[in-house]
>>> print(open('structure_4.txt').read())   # compact mmCIF, C-alpha atoms
# COMPACT_ATOMS: atom_id res chain seq x y z
CA SER A 1 48.57 124.24 142.28
CA THR A 2 50.58 127.07 143.79
CA VAL A 3 54.02 128.58 143.67
CA LEU A 4 55.42 129.10 147.16
CA VAL A 5 57.72 132.04 147.94
CA ILE A 6 60.00 130.88 150.76
CA ASP A 7 62.10 133.27 152.85
CA LEU A 8 65.48 131.53 153.08
CA ARG A 9 66.41 133.55 156.16
CA THR A 10 63.59 132.07 158.17
CA GLY A 11 62.58 129.01 156.14
CA ALA A 12 58.98 130.17 156.28
CA VAL A 13 56.54 130.59 153.40
CA ALA A 14 56.42 134.34 152.76
CA ASP A 15 53.78 134.20 150.05
CA SER A 16 52.05 131.94 147.56
CA VAL A 17 50.41 132.42 144.19
CA VAL A 18 47.93 130.16 142.42
CA VAL A 19 49.04 128.84 139.01
CA GLY A 20 46.52 126.20 137.93
CA GLN A 21 46.39 122.43 137.92
CA SER A 22 49.63 120.44 137.62
CA ALA A 23 52.12 123.30 138.05
CA ASN A 24 55.50 121.96 136.96
CA LEU A 25 58.07 124.69 136.13
CA VAL A 26 59.04 127.99 137.74
CA GLY A 27 61.69 130.68 137.22
CA THR A 28 62.39 134.37 137.81
CA SER A 29 63.73 137.27 135.79
CA THR A 30 67.25 138.43 136.61
CA ASP A 31 66.06 141.37 138.71
CA GLY A 32 63.63 139.16 140.58
CA ARG A 33 60.63 141.26 139.63
CA PHE A 34 58.83 138.66 137.51
CA VAL A 35 57.99 135.11 138.50
CA LEU A 36 57.07 132.77 135.66
CA ALA A 37 55.31 129.45 136.22
CA THR A 38 53.81 126.83 133.93
CA ALA A 39 51.14 124.18 134.31
CA PHE A 40 51.18 120.92 132.36
CA GLU A 41 47.42 120.38 132.31
CA PRO A 42 45.78 122.61 131.23
CA SER A 43 48.76 123.89 129.25
CA LEU A 44 49.46 127.44 130.32
CA VAL A 45 52.15 129.87 131.39
CA ALA A 46 51.61 132.61 133.96
CA VAL A 47 53.80 135.56 134.91
CA PHE A 48 53.50 137.39 138.23
CA ASP A 49 54.70 140.96 138.75
CA ARG A 50 56.07 141.26 142.28
CA ASP A 51 56.15 145.07 142.06
CA PHE A 52 52.36 145.09 141.80
CA ASP A 53 51.30 142.57 144.44
CA TYR A 54 51.78 139.58 142.17
CA THR A 55 49.52 140.87 139.43
CA ARG A 56 49.06 137.91 137.11
CA ARG A 57 48.95 137.51 133.35
CA THR A 58 48.20 134.10 131.84
CA LEU A 59 48.68 132.65 128.39
CA VAL A 60 47.18 129.39 127.19
CA LEU A 61 49.63 127.27 125.16
CA ASP A 62 48.83 124.70 122.48
CA ASP A 63 51.52 122.31 123.75
CA HIS A 64 52.32 120.83 127.17
CA PRO A 65 55.20 122.76 128.81
CA ALA A 66 58.10 120.49 129.77
CA GLY A 67 61.18 122.74 129.79
CA LEU A 68 62.00 126.31 130.80
CA ALA A 69 65.00 128.60 130.37
CA ILE A 70 65.22 132.32 131.17
CA THR A 71 67.82 134.68 129.72
CA ARG A 72 70.09 136.65 132.06
CA HIS A 73 71.75 139.11 129.67
CA ARG A 74 69.11 139.96 127.07
CA PHE A 75 66.94 143.06 127.47
CA PRO A 76 64.08 142.81 127.79
CA PRO A 77 64.59 139.37 129.31
CA ARG A 78 63.06 136.38 127.58
CA ALA A 79 61.71 133.06 128.74
CA TYR A 80 61.77 129.99 126.49
CA VAL A 81 59.11 127.39 127.25
CA VAL A 82 59.49 124.01 125.55
CA GLY A 83 56.35 122.07 124.59
CA MET A 84 56.55 118.30 124.80
CA GLY A 85 53.86 117.11 122.39
CA ARG A 86 54.92 118.88 119.18
CA GLY A 87 58.29 120.18 120.29
CA LYS A 88 57.22 123.81 119.97
CA VAL A 89 59.44 126.41 121.70
CA PHE A 90 57.60 129.53 122.87
CA ALA A 91 59.65 132.73 123.29
CA LEU A 92 58.09 135.18 125.77
CA GLU A 93 59.28 138.61 126.84
CA PHE A 94 58.95 139.97 130.37
CA ASP A 95 57.27 143.19 129.28
CA PRO A 96 55.14 144.60 132.12
CA SER A 97 52.74 146.20 129.64
CA ASN A 98 52.48 143.35 127.15
CA PHE A 99 53.40 139.84 128.26
CA ALA A 100 53.06 137.79 125.07
CA VAL A 101 54.58 135.10 122.89
CA VAL A 102 56.92 136.97 120.54
CA ASP A 103 58.20 133.97 118.59
CA THR A 104 57.74 130.20 118.20
CA ILE A 105 60.16 127.60 116.90
CA LEU A 106 59.07 124.11 115.92
CA THR A 107 61.59 121.41 116.84
CA ARG A 108 60.61 117.77 117.35
CA ALA A 109 58.07 115.72 119.29
CA GLY A 110 59.09 114.56 122.74
CA ALA A 111 61.00 117.75 123.57
CA SER A 112 61.63 118.52 127.23
CA PHE A 113 64.84 119.88 128.75
CA ILE A 114 66.49 123.08 127.55
CA ALA A 115 69.82 124.77 128.27
CA LEU A 116 71.18 128.04 126.83
CA THR A 117 74.72 128.81 125.73
CA PRO A 118 76.50 131.60 127.67
CA ASP A 119 75.74 134.17 124.93
CA GLU A 120 72.10 132.98 124.87
CA SER A 121 72.08 132.60 121.09
CA ILE A 122 71.76 128.80 121.01
CA ALA A 123 69.42 126.53 122.94
CA TYR A 124 70.15 122.83 123.37
CA ILE A 125 66.92 120.85 123.67
CA SER A 126 66.40 117.16 124.39
CA VAL A 127 63.86 115.50 122.08
CA GLY A 128 62.49 112.08 121.19
CA GLY A 129 64.52 109.67 119.12
CA ASN A 130 67.50 109.91 121.51
CA ARG A 131 68.59 113.29 120.18
CA VAL A 132 69.68 116.69 121.44
CA LEU A 133 68.96 119.58 119.10
CA ALA A 134 70.97 122.77 118.73
CA VAL A 135 68.46 125.55 118.02
CA ASN A 136 69.56 128.94 116.73
CA LEU A 137 67.28 131.29 118.69
CA ASP A 138 68.00 134.37 116.57
CA GLN A 139 67.28 132.61 113.26
CA GLY A 140 64.57 130.34 114.64
CA ILE A 141 65.97 127.16 113.09
CA VAL A 142 67.32 123.79 114.17
CA GLN A 143 70.90 123.86 113.02
CA ARG A 144 72.18 120.55 114.36
CA GLU A 145 71.01 117.16 115.67
CA ILE A 146 73.23 115.29 118.12
CA PRO A 147 72.59 111.54 118.70
CA VAL A 148 73.11 110.66 122.36
CA GLY A 149 72.45 106.90 122.37
CA SER A 150 69.41 106.85 124.63
CA GLU A 151 66.81 109.17 126.07
CA PRO A 152 68.36 112.39 127.50
CA LEU A 153 66.92 113.33 130.90
CA GLY A 154 68.78 116.53 131.69
CA LEU A 155 70.99 119.15 130.02
CA ASP A 156 73.49 121.82 130.90
CA VAL A 157 76.10 123.85 129.02
CA SER A 158 79.58 124.47 130.37
CA PRO A 159 80.41 128.11 131.32
CA ASP A 160 82.77 128.45 128.34
CA GLY A 161 80.14 127.09 125.94
CA ARG A 162 82.38 124.31 124.67
CA TYR A 163 80.47 121.34 126.08
CA VAL A 164 76.90 120.17 126.45
CA LEU A 165 76.36 117.90 129.44
CA VAL A 166 73.67 115.26 128.93
CA ALA A 167 72.18 113.08 131.66
CA ASN A 168 71.45 109.84 129.85
CA SER A 169 68.65 107.46 130.84
CA ASN A 170 70.12 104.35 129.18
CA SER A 171 67.08 102.15 128.63
CA ASP A 172 63.82 103.73 129.70
CA SER A 173 62.43 104.42 126.23
CA ILE A 174 59.72 102.44 124.46
CA SER A 175 59.57 101.55 120.77
CA LEU A 176 56.16 100.74 119.29
CA ILE A 177 56.22 98.68 116.12
CA GLU A 178 52.99 99.18 114.17
CA THR A 179 51.59 98.27 110.76
CA ASP A 180 48.60 100.61 110.70
CA ARG A 181 49.19 104.38 110.67
CA GLN A 182 45.65 105.12 111.83
CA TRP A 183 46.83 104.66 115.43
CA GLU A 184 49.60 107.28 115.26
CA PRO A 185 47.44 110.20 116.55
CA ARG A 186 46.50 108.05 119.54
CA TRP A 187 50.14 107.24 120.32
CA GLN A 188 51.00 110.95 120.06
CA GLU A 189 48.18 111.84 122.42
CA LEU A 190 49.24 109.26 125.01
CA ARG A 191 52.91 110.24 124.83
CA ALA A 192 52.07 113.89 125.45
CA LYS A 193 49.66 113.07 128.26
CA LEU A 194 51.86 110.59 130.11
CA GLY A 195 55.21 112.25 129.46
CA VAL A 196 56.93 108.95 128.63
CA ALA A 197 59.69 108.42 126.09
CA VAL A 198 57.97 106.58 123.24
CA GLU A 199 58.82 106.30 119.58
CA TRP A 200 56.97 104.29 116.93
CA ARG A 201 57.98 102.73 113.64
CA PHE A 202 55.83 101.32 110.88
CA VAL A 203 56.57 98.00 109.19
CA ASP A 204 54.93 95.79 106.56
CA SER A 205 56.39 92.44 107.64
CA GLU A 206 57.50 90.49 110.71
CA ARG A 207 60.99 91.98 110.57
CA LEU A 208 61.70 94.50 113.35
CA PRO A 209 63.61 97.72 112.48
CA LEU A 210 65.75 97.43 115.62
CA PRO A 211 69.37 96.40 116.24
CA ASP A 212 70.37 93.10 117.85
CA ARG A 213 70.14 92.82 121.64
CA CYS A 214 68.79 96.32 122.21
CA ALA A 215 65.65 95.65 124.29
CA ASP A 216 65.24 94.78 127.96
CA ALA A 217 61.72 93.53 127.27
CA VAL A 218 59.55 92.73 124.26
CA THR A 219 55.77 92.49 124.51
CA SER A 220 53.32 91.25 121.88
CA PHE A 221 49.65 91.51 122.76
CA SER A 222 47.14 89.93 120.35
CA VAL A 223 49.52 90.27 117.41
CA ILE A 224 51.00 86.84 116.72
CA GLU A 225 47.68 85.40 115.45
CA HIS A 226 47.69 88.03 112.70
CA GLN A 227 51.26 87.32 111.53
CA PRO A 228 51.60 84.86 108.61
CA ASP A 229 55.24 83.92 109.34
CA LYS A 230 55.15 83.15 113.05
CA ARG A 231 58.60 81.59 113.13
CA LEU A 232 60.14 84.73 111.66
CA ALA A 233 58.16 86.86 114.13
CA MET A 234 59.48 84.84 117.08
CA THR A 235 63.02 84.87 115.70
CA GLU A 236 62.93 88.66 115.33
CA MET A 237 61.64 89.17 118.88
CA SER A 238 64.39 86.90 120.17
CA ARG A 239 67.02 88.72 118.12
CA VAL A 240 66.33 92.17 119.60
CA LEU A 241 66.20 90.96 123.22
CA LYS A 242 69.20 91.50 125.44
CA PRO A 243 70.57 88.38 127.19
CA GLY A 244 68.31 87.74 130.16
CA GLY A 245 65.58 89.98 128.71
CA ARG A 246 61.87 89.19 128.97
CA LEU A 247 59.49 88.21 126.19
CA VAL A 248 55.74 88.38 126.87
CA ILE A 249 53.27 87.14 124.24
CA SER A 250 49.50 86.89 124.45
CA PHE A 251 46.78 85.91 122.00
CA ASP A 252 43.07 85.44 122.55
CA ILE A 253 40.62 84.99 119.69
CA CYS A 254 41.17 83.25 116.37
CA GLU A 255 38.91 84.16 113.45
CA PRO A 256 39.98 82.30 110.29
CA ALA A 257 37.70 84.50 108.19
CA MET A 258 39.97 87.44 109.13
CA GLY A 259 43.12 85.49 108.27
CA MET A 260 44.02 84.68 111.89
CA THR A 261 45.86 81.49 112.87
CA PHE A 262 47.03 80.39 116.30
CA PRO A 263 50.70 79.53 116.91
CA VAL A 264 51.29 75.79 116.91
CA ALA A 265 53.98 74.17 119.07
CA THR A 266 56.11 71.70 117.15
CA VAL A 267 58.64 69.16 118.45
CA GLY A 268 62.16 70.40 117.93
CA GLY A 269 60.90 73.78 116.87
CA GLU A 270 62.05 75.76 119.88
CA ILE A 271 63.57 79.15 119.27
CA PRO A 272 66.35 80.05 121.76
CA ILE A 273 65.66 83.14 123.86
>>> encode(input="structure_4.txt", output="structure tokens")
Amino acid sequence: STVLVIDLRTGAVADSVVVGQSANLVGTSTDGRFVLATAFEPSLVAVFDRDFDYTRRTLVLDDHPAGLAITRHRFPPRAYVVGMGRGKVFALEFDPSNFAVVDTILTRAGASFIALTPDESIAYISVGGNRVLAVNLDQGIVQREIPVGSEPLGLDVSPDGRYVLVANSNSDSISLIETDRQWEPRWQELRAKLGVAVEWRFVDSERLPLPDRCADAVTSFSVIEHQPDKRLAMTEMSRVLKPGGRLVISFDICEPAMGMTFPVATVGGEIPI
């Protein structure tokens, strides 16, 4: 992947620099000397020095970059790169002699968008769990969590610093209900790789830890045969569906030795959806 330098006077490509596969974010220092770009896979950040024919320095990150903010008043200028998988924030300084990560702040999984306050002391970062975090950049701590109802897709801060503007996605998040924690690393890996808004919760019964009428769709693949109380399981799936929502259930094998039983239709036993 490349970063294109376009001359706005002519509309022509004046130059291009190679970043790596899946380039996704780009920004410049205030004086325009440094161009910073990230790649999602492999996870890296590269800075190009325009004063020296786009001399490149590259750093490999241990988290997928999903958000970028560059200071305008700090000297030397800093770039904050937000990692999606673990929610790690990388602070980098535009030092021509030593481009390096000078600090890291751990926030929360599913982090993506970032916006700085006018004094550049606080960063607001969207994370999983339908939250926006206020991160104190000088102290390196999360000082506040703000619930926003559903997955935040974009952020900005008003010029006076009084308001945070959140673009809200309403209902494009996924909740995984699981009984076995051995699958959690796999869910984390898939969420980071696909960049989707997924959260998971662990239960020990058929009851779902979700509010009434919150889901547009509920899917259950090869689960119902394992559940002892199938009526309660169906009732719970019906409860969390929005009016007009969709319920999809599948089951395939039945092995009584493993405690499996197939659902049995009974007259008068319908559960309203």
>>> closest_residue(input="structure_4.txt", among="A:Arg56, A:Arg181, A:Arg239, A:His73", to="Phe202 of chain A", atoms="all atoms listed in the file")
A:Arg181
>>> atom_distance(input="structure_4.txt", atom1="atom CA of Ala115 of chain A", atom2="atom CA of Ala79 of chain A")
11.6 Å
>>> residues_around(input="structure_4.txt", residues="Leu61 of chain A", least_positions_apart="2", cutoff="7 Å", atoms="only C-alpha atoms", output="list in words")
Ser43, Leu44, Leu59 and Asp63 of chain A
>>> residues_around(input="structure_4.txt", residues="Val127 of chain A", least_positions_apart="5", cutoff="12 Å", atoms="all atoms listed in the file", output="PyMOL selection string")
chain A and resi 66-67+82-89+106-114+132-135+142+145-148+150-155+166+173+195-199
>>> closest_residue(input="structure_4.txt", among="A:Ile70, A:Leu116, A:Leu208, A:Ala257", to="Asp160 of chain A", atoms="only C-alpha atoms")
A:Leu116
